[in-house]
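Each remark here refers to the structure printed beneath this line.
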There are 4 protein chains.
Amino acid sequence: MIKEQEDLYNLEFRVRDYECDLQGVVNNANYQHYLEHARHEFLISKGISFSRLHDEGIDLIVTKVEIEYKFPLRSTDRFIVTVKIAREGNVRIAFYQEIYRVPDKKLIVKAKITTAATRNGKPFFPAGVVAEMGLG
Amino acid sequence: MIKEQEDLYNLEFRVRDYECDLQGVVNNANYQHYLEHARHEFLISKGISFSRLHDEGIDLIVTKVEIEYKFPLRSTDRFIVTVKIAREGNVRIAFYQEIYRVPDKKLIVKAKITTAATRNGKPFFPAGVVAEMGLG
Amino acid sequence: MIKEQEDLYNLEFRVRDYECDLQGVVNNANYQHYLEHARHEFLISKGISFSRLHDEGIDLIVTKVEIEYKFPLRSTDRFIVTVKIAREGNVRIAFYQEIYRVPDKKLIVKAKITTAATRNGKPFFPAGVVAEMGLG
Amino acid sequence: MIKEQEDLYNLEFRVRDYECDLQGVVNNANYQHYLEHARHEFLISKGISFSRLHDEGIDLIVTKVEIEYKFPLRSTDRFIVTVKIAREGNVRIAFYQEIYRVPDKKLIVKAKITTAATRNGKPFFPAGVVAEMGLG
């Protein structure tokens, strides 16, 4: 069973020219940077600090990335990246993320990022962190 | 039915320090760069030129990326990226790719990259290109 | 003689984790990305479009970069990048740029970026563009 | 007085498509990545390990970068990056570096990278490291 958060986190970005490649569009790997940055800002917004977790021996790692590319972004485009989390089974946390162009809401990317946690290097479900994320 | 090529293309890389992040390992998005570079070198090895195709109105685009992260690469690690292609249905070409650390053959990443072609902006199956790739 | 603009262009950024390296600070090359993005946004703010210029056969190219690194930026730091332009001799335009951490105004980077223009591939002083930049 | 090493360190690279930008050439900041990677490989070739130094409290930091862009690299170009070191005064070590296209030896970039060392956070001249670098 998947439990989902109710509120949807958003972060707005603008394409920088150095993120575009020979074909005049954002290079595919850079969308992964955008998705990662939005997840980190989401966690910070929930008061979750990677460095504090790390000091407690807890690390969050990405185990799988699935990204569907619907339409490309171009130089100077504005866009928002959304973040929605869900528990997956007893061990994993999934981040469902989308990228929309602003202001026309054109869907650019749809992604699912699966993560796992370790404590002192061993698999571990971070119940406290999950509660802080708002998953209850 | 999926037809597969018989030979497996390989390209060797070495991790560069600027590809590593705060956690001391290669940043997740950089594996996508490695995979892309190996695909492009594979196509060049088959005599397939993006610019010639583009002049003929044909563009190859990535529609989906699935990457499983098994184990991280660290500063100065050597690794190989493999490329294996397969037709998928009548319209798409999939690239199955793996990354192995050298010399211990530790599996680092397993990926499937789905691509489609367009001719003059419209969906199109590039039979000629597929033959050049060795898919017959 | 160097003529300088009077107003100082500013753009605010926030460090993204993927821009940091093994040493826990922003990788040196990324400051060059920040400086470039601020210059491009400055030009856009003056109504100067690279693509329109390119259509007129005019290209602006960086011929020299000098960057002094005073203090490093770290994960989640906010900072502003300034842009000030000056004619240099009859042929070149220099961008004097600084990066300051927000909110404590700590100086991070001091840079001079020298550029030249070409028209149809030949050296050329873009008097019209320079006027649009506000250099008179 | 500047003392120079006698042998010239070289490292060969090939341009990857994701390193090129909208203008079809390698983005300016990426040359800084190439220069950095060549310096790190040079230090490794001399048996100098950043992590061992760090454990001894010694850090090498870049204080200034000067890069002249002579001619651009394009997709799939091969090139070599050279590294030559020199003491500068009593405190700094400078890396003189050039990038040449292969096989025509066209000069692409000329750079001087100035570095300083700290021990336990304080300015320090790393005489032992300098000897290992071959500067005597």
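Each chain in the structure tokens gets a letter, A, B and so on, in the order shown; residues start at 1 in every chain, and ligands are counted from 1 in the order they appear.
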#### Entry: Proximal residues of chain B relative to chain A (only C-alpha atoms; 8 Å) as a list in words
Asn28, Ala29, Asn30, Gln32, His33, Val62, Thr63, Lys64, Val65, Glu66, Ile67, Glu68, Tyr69 and Lys70 of chain B
### Val91 of chain D surroundings by only C-alpha atoms, 12 Å radius, close-in-sequence under 5 positions cut, as number ranges by chain
D: 60, 63, 86, 114-118, 122-127, 130
### Task
Write out as a ChimeraX atom specification all residues of segment 6-114 of chain D that backbone DSSP assigns to alpha helix (DSSP H).
/D:28-45,50-55
Could the residues of segment 3-90 of chain D that have an atom at most 12 Å from segment 41-49 of chain B be listed as JSON lines, each with its closest atom pair and the distance in Å to one decimal, counting only C-alpha atoms and ordered by chain and ascending residue number?
{"residue": "D:Arg14", "atom": "CA", "partner": "B:Glu41", "partner_atom": "CA", "distance": 10.6}
{"residue": "D:Val15", "atom": "CA", "partner": "B:Glu41", "partner_atom": "CA", "distance": 10.9}
{"residue": "D:Arg16", "atom": "CA", "partner": "B:Glu41", "partner_atom": "CA", "distance": 9.0}
{"residue": "D:Asp17", "atom": "CA", "partner": "B:Glu41", "partner_atom": "CA", "distance": 9.8}
{"residue": "D:Ser75", "atom": "CA", "partner": "B:Glu41", "partner_atom": "CA", "distance": 11.0}
{"residue": "D:Thr76", "atom": "CA", "partner": "B:Glu41", "partner_atom": "CA", "distance": 8.8}
Those residues with C-alpha atoms, as a PDB file, in the first residue's frame please?
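Final output, again.pdb:
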ATOM      1  CA  ARG D  14      38.296  13.414 -26.374  1.00  0.00           C
ATOM      2  CA  VAL D  15      35.439  15.923 -26.404  1.00  0.00           C
ATOM      3  CA  ARG D  16      32.136  14.419 -25.242  1.00  0.00           C
ATOM      4  CA  ASP D  17      28.949  15.786 -26.804  1.00  0.00           C
ATOM      5  CA  SER D  75      32.335  17.434 -30.812  1.00  0.00           C
ATOM      6  CA  THR D  76      34.644  14.363 -30.968  1.00  0.00           C
TER       7      THR D  76
END
### Message
Which of segment 10-133 of chain A end up as strand (DSSP E or B) when DSSP is run on this backbone - answer as a VMD selection string?
### Response
chain A and resid 10 to 14 20 25 to 26 58 to 69 74 78 to 88 92 to 102 107 to 119 122 to 124
### Message
Report, in Å to a single decimal, how far apart atom CA of Ile93 of chain C and atom CA of Glu56 of chain C are.
### Response
19.0 Å
### Task
One decimal, Å: what's the distance from atom CA of Leu53 of chain C over to atom CA of Val26 of chain D, could you say?
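So the answer is 20.1 Å.
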### Message
For a test of reading the model, state the distance in Å between atom CA of Asp104 of chain D and atom CA of Leu11 of chain D, rounded to one decimal.
### Response
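We find that atom CA of Asp104 of chain D and atom CA of Leu11 of chain D lie 15.9 Å from each other.
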